[in-house]
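> So here's coords12.pdb, just PDB, N, CA and C atoms, pLDDT in the B column:
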ATOM      1  N   MET M1076      -9.171   6.796   4.527  1.00 74.00           N
ATOM      2  CA  MET M1076      -8.452   7.628   3.585  1.00 74.00           C
ATOM      3  C   MET M1076      -7.374   6.789   2.903  1.00 74.00           C
ATOM      4  N   PRO M1077      -7.130   7.069   1.639  1.00 81.00           N
ATOM      5  CA  PRO M1077      -6.110   6.305   0.908  1.00 81.00           C
ATOM      6  C   PRO M1077      -4.692   6.629   1.379  1.00 81.00           C
ATOM      7  N   MET M1078      -3.821   5.648   1.215  1.00 84.00           N
ATOM      8  CA  MET M1078      -2.396   5.819   1.510  1.00 84.00           C
ATOM      9  C   MET M1078      -1.660   5.987   0.178  1.00 84.00           C
ATOM     10  N   TYR M1079      -0.740   6.921   0.137  1.00 86.00           N
ATOM     11  CA  TYR M1079       0.058   7.158  -1.065  1.00 86.00           C
ATOM     12  C   TYR M1079       1.531   6.974  -0.722  1.00 86.00           C
ATOM     13  N   ASP M1080       2.285   6.376  -1.627  1.00 88.00           N
ATOM     14  CA  ASP M1080       3.725   6.195  -1.455  1.00 88.00           C
ATOM     15  C   ASP M1080       4.463   7.312  -2.184  1.00 88.00           C
ATOM     16  N   TYR M1081       5.457   7.860  -1.507  1.00 87.00           N
ATOM     17  CA  TYR M1081       6.304   8.896  -2.086  1.00 87.00           C
ATOM     18  C   TYR M1081       7.757   8.481  -1.907  1.00 87.00           C
ATOM     19  N   GLN M1082       8.605   8.999  -2.784  1.00 89.00           N
ATOM     20  CA  GLN M1082      10.039   8.741  -2.675  1.00 89.00           C
ATOM     21  C   GLN M1082      10.779  10.070  -2.743  1.00 89.00           C
ATOM     22  N   CYS M1083      11.676  10.266  -1.780  1.00 87.00           N
ATOM     23  CA  CYS M1083      12.507  11.462  -1.768  1.00 87.00           C
ATOM     24  C   CYS M1083      13.500  11.369  -2.927  1.00 87.00           C
ATOM     25  N   LEU M1084      13.643  12.439  -3.680  1.00 87.00           N
ATOM     26  CA  LEU M1084      14.567  12.432  -4.819  1.00 87.00           C
ATOM     27  C   LEU M1084      16.017  12.644  -4.392  1.00 87.00           C
ATOM     28  N   GLU M1085      16.224  13.027  -3.120  1.00 85.00           N
ATOM     29  CA  GLU M1085      17.582  13.233  -2.630  1.00 85.00           C
ATOM     30  C   GLU M1085      18.143  11.962  -1.986  1.00 85.00           C
ATOM     31  N   CYS M1086      17.449  11.445  -0.965  1.00 84.00           N
ATOM     32  CA  CYS M1086      17.969  10.278  -0.244  1.00 84.00           C
ATOM     33  C   CYS M1086      17.312   8.971  -0.703  1.00 84.00           C
ATOM     34  N   GLU M1087      16.306   9.048  -1.539  1.00 86.00           N
ATOM     35  CA  GLU M1087      15.581   7.902  -2.110  1.00 86.00           C
ATOM     36  C   GLU M1087      14.775   7.124  -1.078  1.00 86.00           C
ATOM     37  N   GLU M1088      14.545   7.698   0.096  1.00 85.00           N
ATOM     38  CA  GLU M1088      13.704   7.050   1.105  1.00 85.00           C
ATOM     39  C   GLU M1088      12.258   7.020   0.617  1.00 85.00           C
ATOM     40  N   ILE M1089      11.591   5.896   0.865  1.00 86.00           N
ATOM     41  CA  ILE M1089      10.190   5.746   0.487  1.00 86.00           C
ATOM     42  C   ILE M1089       9.348   5.826   1.751  1.00 86.00           C
ATOM     43  N   PHE M1090       8.277   6.617   1.693  1.00 86.00           N
ATOM     44  CA  PHE M1090       7.405   6.753   2.858  1.00 86.00           C
ATOM     45  C   PHE M1090       5.954   6.823   2.405  1.00 86.00           C
ATOM     46  N   GLU M1091       5.056   6.481   3.336  1.00 86.00           N
ATOM     47  CA  GLU M1091       3.628   6.492   3.055  1.00 86.00           C
ATOM     48  C   GLU M1091       2.984   7.705   3.713  1.00 86.00           C
ATOM     49  N   VAL M1092       1.990   8.254   3.025  1.00 85.00           N
ATOM     50  CA  VAL M1092       1.258   9.394   3.559  1.00 85.00           C
ATOM     51  C   VAL M1092      -0.228   9.122   3.375  1.00 85.00           C
ATOM     52  N   GLU M1093      -0.995   9.347   4.437  1.00 87.00           N
ATOM     53  CA  GLU M1093      -2.441   9.210   4.349  1.00 87.00           C
ATOM     54  C   GLU M1093      -3.001  10.561   3.914  1.00 87.00           C
ATOM     55  N   GLN M1094      -3.688  10.575   2.775  1.00 86.00           N
ATOM     56  CA  GLN M1094      -4.220  11.820   2.239  1.00 86.00           C
ATOM     57  C   GLN M1094      -5.621  11.593   1.701  1.00 86.00           C
ATOM     58  N   LYS M1095      -6.395  12.664   1.681  1.00 88.00           N
ATOM     59  CA  LYS M1095      -7.692  12.611   1.017  1.00 88.00           C
ATOM     60  C   LYS M1095      -7.445  12.576  -0.486  1.00 88.00           C
ATOM     61  N   MET M1096      -8.374  12.003  -1.216  1.00 84.00           N
ATOM     62  CA  MET M1096      -8.221  11.950  -2.671  1.00 84.00           C
ATOM     63  C   MET M1096      -8.246  13.360  -3.265  1.00 84.00           C
ATOM     64  N   SER M1097      -8.885  14.285  -2.577  1.00 90.00           N
ATOM     65  CA  SER M1097      -8.976  15.661  -3.070  1.00 90.00           C
ATOM     66  C   SER M1097      -7.730  16.484  -2.742  1.00 90.00           C
ATOM     67  N   ASP M1098      -6.846  15.970  -1.875  1.00 88.00           N
ATOM     68  CA  ASP M1098      -5.617  16.694  -1.528  1.00 88.00           C
ATOM     69  C   ASP M1098      -4.648  16.718  -2.704  1.00 88.00           C
ATOM     70  N   ASP M1099      -3.889  17.790  -2.784  1.00 87.00           N
ATOM     71  CA  ASP M1099      -2.836  17.864  -3.806  1.00 87.00           C
ATOM     72  C   ASP M1099      -1.699  16.923  -3.412  1.00 87.00           C
ATOM     73  N   PRO M1100      -1.006  16.344  -4.396  1.00 86.00           N
ATOM     74  CA  PRO M1100       0.149  15.477  -4.077  1.00 86.00           C
ATOM     75  C   PRO M1100       1.235  16.273  -3.355  1.00 86.00           C
ATOM     76  N   LEU M1101       1.986  15.581  -2.508  1.00 84.00           N
ATOM     77  CA  LEU M1101       3.104  16.244  -1.827  1.00 84.00           C
ATOM     78  C   LEU M1101       4.140  16.682  -2.842  1.00 84.00           C
ATOM     79  N   GLU M1102       4.840  17.755  -2.511  1.00 86.00           N
ATOM     80  CA  GLU M1102       5.913  18.220  -3.385  1.00 86.00           C
ATOM     81  C   GLU M1102       7.259  18.185  -2.682  1.00 86.00           C
ATOM     82  N   GLU M1103       7.238  18.132  -1.335  1.00 84.00           N
ATOM     83  CA  GLU M1103       8.480  18.161  -0.580  1.00 84.00           C
ATOM     84  C   GLU M1103       8.437  17.149   0.549  1.00 84.00           C
ATOM     85  N   CYS M1104       9.592  16.621   0.923  1.00 80.00           N
ATOM     86  CA  CYS M1104       9.692  15.781   2.113  1.00 80.00           C
ATOM     87  C   CYS M1104      10.700  16.426   3.043  1.00 80.00           C
ATOM     88  N   LEU M1105      10.673  16.018   4.290  1.00 68.00           N
ATOM     89  CA  LEU M1105      11.630  16.548   5.259  1.00 68.00           C
ATOM     90  C   LEU M1105      12.655  15.474   5.572  1.00 68.00           C
ATOM     91  N   CYS M1106      13.794  15.573   4.972  1.00 72.00           N
ATOM     92  CA  CYS M1106      14.903  14.650   5.212  1.00 72.00           C
ATOM     93  C   CYS M1106      15.953  15.410   6.014  1.00 72.00           C
ATOM     94  N   GLU M1107      16.141  14.969   7.240  1.00 69.00           N
ATOM     95  CA  GLU M1107      17.132  15.608   8.112  1.00 69.00           C
ATOM     96  C   GLU M1107      16.933  17.120   8.176  1.00 69.00           C
ATOM     97  N   ASN M1108      15.694  17.528   8.359  1.00 71.00           N
ATOM     98  CA  ASN M1108      15.306  18.940   8.502  1.00 71.00           C
ATOM     99  C   ASN M1108      15.585  19.798   7.274  1.00 71.00           C
ATOM    100  N   GLU M1109      15.753  19.185   6.126  1.00 73.00           N
ATOM    101  CA  GLU M1109      15.899  19.929   4.879  1.00 73.00           C
ATOM    102  C   GLU M1109      14.792  19.512   3.940  1.00 73.00           C
ATOM    103  N   LYS M1110      14.352  20.398   3.086  1.00 79.00           N
ATOM    104  CA  LYS M1110      13.263  20.084   2.170  1.00 79.00           C
ATOM    105  C   LYS M1110      13.815  19.651   0.813  1.00 79.00           C
ATOM    106  N   PHE M1111      13.367  18.490   0.360  1.00 84.00           N
ATOM    107  CA  PHE M1111      13.755  17.980  -0.948  1.00 84.00           C
ATOM    108  C   PHE M1111      12.507  17.615  -1.723  1.00 84.00           C
ATOM    109  N   LEU M1112      12.617  17.586  -3.014  1.00 86.00           N
ATOM    110  CA  LEU M1112      11.486  17.207  -3.854  1.00 86.00           C
ATOM    111  C   LEU M1112      11.177  15.727  -3.690  1.00 86.00           C
ATOM    112  N   VAL M1113       9.909  15.385  -3.868  1.00 88.00           N
ATOM    113  CA  VAL M1113       9.478  13.990  -3.809  1.00 88.00           C
ATOM    114  C   VAL M1113       8.684  13.667  -5.062  1.00 88.00           C
ATOM    115  N   LYS M1114       8.573  12.377  -5.337  1.00 88.00           N
ATOM    116  CA  LYS M1114       7.700  11.939  -6.422  1.00 88.00           C
ATOM    117  C   LYS M1114       6.789  10.852  -5.876  1.00 88.00           C
ATOM    118  N   ARG M1115       5.551  10.825  -6.389  1.00 85.00           N
ATOM    119  CA  ARG M1115       4.624   9.781  -5.971  1.00 85.00           C
ATOM    120  C   ARG M1115       4.947   8.541  -6.781  1.00 85.00           C
ATOM    121  N   ILE M1116       5.024   7.413  -6.103  1.00 82.00           N
ATOM    122  CA  ILE M1116       5.330   6.164  -6.791  1.00 82.00           C
ATOM    123  C   ILE M1116       4.125   5.230  -6.679  1.00 82.00           C
ATOM    124  N   PRO M1117       3.974   4.324  -7.631  1.00 73.00           N
ATOM    125  CA  PRO M1117       2.823   3.413  -7.589  1.00 73.00           C
ATOM    126  C   PRO M1117       2.833   2.577  -6.310  1.00 73.00           C
ATOM    127  N   SER M1118       1.680   2.470  -5.694  1.00 71.00           N
ATOM    128  CA  SER M1118       1.522   1.662  -4.489  1.00 71.00           C
ATOM    129  C   SER M1118       1.071   0.265  -4.855  1.00 71.00           C
ATOM    130  N   LYS M1119       1.355  -0.671  -3.976  1.00 70.00           N
ATOM    131  CA  LYS M1119       0.848  -2.020  -4.169  1.00 70.00           C
ATOM    132  C   LYS M1119      -0.649  -2.000  -3.908  1.00 70.00           C
ATOM    133  N   PRO M1120      -1.429  -2.602  -4.770  1.00 70.00           N
ATOM    134  CA  PRO M1120      -2.880  -2.581  -4.550  1.00 70.00           C
ATOM    135  C   PRO M1120      -3.272  -3.466  -3.373  1.00 70.00           C
ATOM    136  N   LEU M1121      -4.311  -3.059  -2.687  1.00 69.00           N
ATOM    137  CA  LEU M1121      -4.858  -3.838  -1.587  1.00 69.00           C
ATOM    138  C   LEU M1121      -6.126  -4.496  -2.097  1.00 69.00           C
ATOM    139  N   LEU M1122      -6.152  -5.811  -2.079  1.00 67.00           N
ATOM    140  CA  LEU M1122      -7.292  -6.565  -2.592  1.00 67.00           C
ATOM    141  C   LEU M1122      -8.008  -7.229  -1.432  1.00 67.00           C
ATOM    142  N   VAL M1123      -9.283  -6.907  -1.286  1.00 66.00           N
ATOM    143  CA  VAL M1123     -10.095  -7.503  -0.238  1.00 66.00           C
ATOM    144  C   VAL M1123     -11.255  -8.224  -0.908  1.00 66.00           C
ATOM    145  N   ILE M1124     -11.394  -9.509  -0.605  1.00 63.00           N
ATOM    146  CA  ILE M1124     -12.472 -10.303  -1.177  1.00 63.00           C
ATOM    147  C   ILE M1124     -13.393 -10.729  -0.049  1.00 63.00           C
ATOM    148  N   ASN M1125     -14.672 -10.464  -0.206  1.00 64.00           N
ATOM    149  CA  ASN M1125     -15.662 -10.859   0.794  1.00 64.00           C
ATOM    150  C   ASN M1125     -16.624 -11.859   0.184  1.00 64.00           C
ATOM    151  N   GLY M1126     -17.232 -12.643   1.017  1.00 59.00           N
ATOM    152  CA  GLY M1126     -18.266 -13.555   0.551  1.00 59.00           C
ATOM    153  C   GLY M1126     -17.731 -14.938   0.242  1.00 59.00           C
ATOM    154  N   ALA M1127     -18.496 -15.695  -0.544  1.00 55.00           N
ATOM    155  CA  ALA M1127     -18.180 -17.094  -0.828  1.00 55.00           C
ATOM    156  C   ALA M1127     -16.841 -17.254  -1.543  1.00 55.00           C
ATOM    157  N   ALA M1128     -16.467 -16.311  -2.376  1.00 57.00           N
ATOM    158  CA  ALA M1128     -15.206 -16.417  -3.115  1.00 57.00           C
ATOM    159  C   ALA M1128     -14.000 -16.403  -2.181  1.00 57.00           C
ATOM    160  N   ALA M1129     -14.147 -15.825  -1.008  1.00 55.00           N
ATOM    161  CA  ALA M1129     -13.035 -15.744  -0.068  1.00 55.00           C
ATOM    162  C   ALA M1129     -12.928 -16.978   0.821  1.00 55.00           C
ATOM    163  N   MET M1130     -13.928 -17.806   0.812  1.00 54.00           N
ATOM    164  CA  MET M1130     -13.919 -18.979   1.684  1.00 54.00           C
ATOM    165  C   MET M1130     -13.041 -20.075   1.092  1.00 54.00           C
ATOM    166  N   PRO M1131     -12.307 -20.791   1.940  1.00 61.00           N
ATOM    167  CA  PRO M1131     -11.422 -21.848   1.439  1.00 61.00           C
ATOM    168  C   PRO M1131     -12.220 -22.996   0.824  1.00 61.00           C
ATOM    169  N   ASP M1132     -11.606 -23.670  -0.098  1.00 68.00           N
ATOM    170  CA  ASP M1132     -12.225 -24.832  -0.743  1.00 68.00           C
ATOM    171  C   ASP M1132     -12.069 -26.031   0.179  1.00 68.00           C
ATOM    172  N   ARG M1133     -13.088 -26.297   0.966  1.00 69.00           N
ATOM    173  CA  ARG M1133     -13.014 -27.360   1.979  1.00 69.00           C
ATOM    174  C   ARG M1133     -12.811 -28.738   1.354  1.00 69.00           C
ATOM    175  N   LYS M1134     -13.362 -28.960   0.162  1.00 67.00           N
ATOM    176  CA  LYS M1134     -13.197 -30.250  -0.502  1.00 67.00           C
ATOM    177  C   LYS M1134     -11.715 -30.488  -0.834  1.00 67.00           C
ATOM    178  N   LEU M1135     -11.049 -29.441  -1.349  1.00 62.00           N
ATOM    179  CA  LEU M1135      -9.630 -29.552  -1.678  1.00 62.00           C
ATOM    180  C   LEU M1135      -8.821 -29.811  -0.407  1.00 62.00           C
ATOM    181  N   TYR M1136      -9.136 -29.085   0.678  1.00 68.00           N
ATOM    182  CA  TYR M1136      -8.435 -29.308   1.933  1.00 68.00           C
ATOM    183  C   TYR M1136      -8.616 -30.737   2.419  1.00 68.00           C
ATOM    184  N   LYS M1137      -9.832 -31.263   2.254  1.00 70.00           N
ATOM    185  CA  LYS M1137     -10.090 -32.629   2.687  1.00 70.00           C
ATOM    186  C   LYS M1137      -9.262 -33.617   1.858  1.00 70.00           C
ATOM    187  N   GLU M1138      -9.181 -33.379   0.532  1.00 66.00           N
ATOM    188  CA  GLU M1138      -8.402 -34.250  -0.338  1.00 66.00           C
ATOM    189  C   GLU M1138      -6.907 -34.218   0.020  1.00 66.00           C
ATOM    190  N   LEU M1139      -6.442 -33.051   0.431  1.00 67.00           N
ATOM    191  CA  LEU M1139      -5.025 -32.910   0.786  1.00 67.00           C
ATOM    192  C   LEU M1139      -4.771 -33.240   2.254  1.00 67.00           C
ATOM    193  N   ASP M1140      -5.843 -33.643   2.961  1.00 73.00           N
ATOM    194  CA  ASP M1140      -5.764 -34.006   4.374  1.00 73.00           C
ATOM    195  C   ASP M1140      -5.208 -32.861   5.216  1.00 73.00           C
ATOM    196  N   ILE M1141      -5.797 -31.672   5.008  1.00 67.00           N
ATOM    197  CA  ILE M1141      -5.397 -30.480   5.755  1.00 67.00           C
ATOM    198  C   ILE M1141      -6.553 -30.093   6.661  1.00 67.00           C
ATOM    199  N   ASP M1142      -6.265 -29.913   7.949  1.00 67.00           N
ATOM    200  CA  ASP M1142      -7.300 -29.493   8.892  1.00 67.00           C
ATOM    201  C   ASP M1142      -7.469 -27.971   8.814  1.00 67.00           C
ATOM    202  N   VAL M1143      -8.727 -27.555   8.847  1.00 57.00           N
ATOM    203  CA  VAL M1143      -9.015 -26.123   8.842  1.00 57.00           C
ATOM    204  C   VAL M1143      -9.760 -25.722  10.086  1.00 57.00           C
TER     205      VAL M1143
END
Spell out the structure here as structure tokens.

Amino acid sequence: MPMYDYQCLECEEIFEVEQKMSDDPLEECLCENEKFLVKRIPSKPLLVINGAAAMPDRKLYKELDIDV
């Protein structure tokens, strides 16, 4: 399930919530047992590369004399 970042509009705390894509965005957070409005903020993208593109360039490592 995707993670979404929210920020409390009262205390400005940022927190992550795991939600289904079909779920409605949160509207409230619980800060010190009180409900305040929240806004969804852009999350940092997670980039995963698989396959040959993800493998290190062994020739470059050899030229730089780096052991892998």
> Excluding Val1113 of chain M and any residue of its chain fewer than 2 positions from it, enumerate the residues within 6 Å of it, using only C-alpha atoms, and give them as a compact mmCIF listing (two decimals) with N, CA and C atoms, in the coordinates of the input.

# COMPACT_ATOMS: atom_id res chain seq x y z
N GLN M 1082 8.60 9.00 -2.78
CA GLN M 1082 10.04 8.74 -2.68
C GLN M 1082 10.78 10.07 -2.74
N CYS M 1083 11.68 10.27 -1.78
CA CYS M 1083 12.51 11.46 -1.77
C CYS M 1083 13.50 11.37 -2.93
N LEU M 1084 13.64 12.44 -3.68
CA LEU M 1084 14.57 12.43 -4.82
C LEU M 1084 16.02 12.64 -4.39
N GLU M 1102 4.84 17.76 -2.51
CA GLU M 1102 5.91 18.22 -3.38
C GLU M 1102 7.26 18.18 -2.68
N GLU M 1103 7.24 18.13 -1.34
CA GLU M 1103 8.48 18.16 -0.58
C GLU M 1103 8.44 17.15 0.55
> Run the PyMOL selection byres (((chain M and resi 1090 and name CA) around 6) and name CA) mentally over the shown coordinates, then write out the matched residues as a list in words, using the chain letters and numbers from the document.
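When the PyMOL selection byres (((chain M and resi 1090 and name CA) around 6) and name CA) is applied, the selected residues are Asp1080, Tyr1081, Ile1089 and Glu1091 of chain M.
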> By how many Å are atom C of Val1092 of chain M and atom N of Pro1077 of chain M apart?
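If I compute the distance from atom C of Val1092 of chain M to atom N of Pro1077 of chain M, I get 7.4 Å.
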> At what distance in Å, to one decimal, does atom C of Pro1120 of chain M lie from atom N of Cys1106 of chain M?
26.9 Å
> From the set M:Cys1104, M:Asp1099, M:Glu1093, M:Leu1112, which residue has the shortest atom-to-atom contact distance to Tyr1079 of chain M, counting only C-alpha atoms?
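Using only C-alpha atoms, Tyr1079 of chain M sits closest to M:Glu1093.
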> One number please: atom N of Met1076 of chain M to atom CA of Met1096 of chain M, in Å, one decimal.
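Distance reported for this atom pair: 8.9 Å.
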> Any chance you could work out the axis-aligned box around segment 1100-1118 of chain M, listed atoms only, 8 Å on each side, giving centre and edge lengths in Å to one decimal, as lines of an AutoDock Vina configuration file?

center_x = 8.1
center_y = 10.3
center_z = 0.4
size_x = 34.1
size_y = 36.1
size_z = 32.1
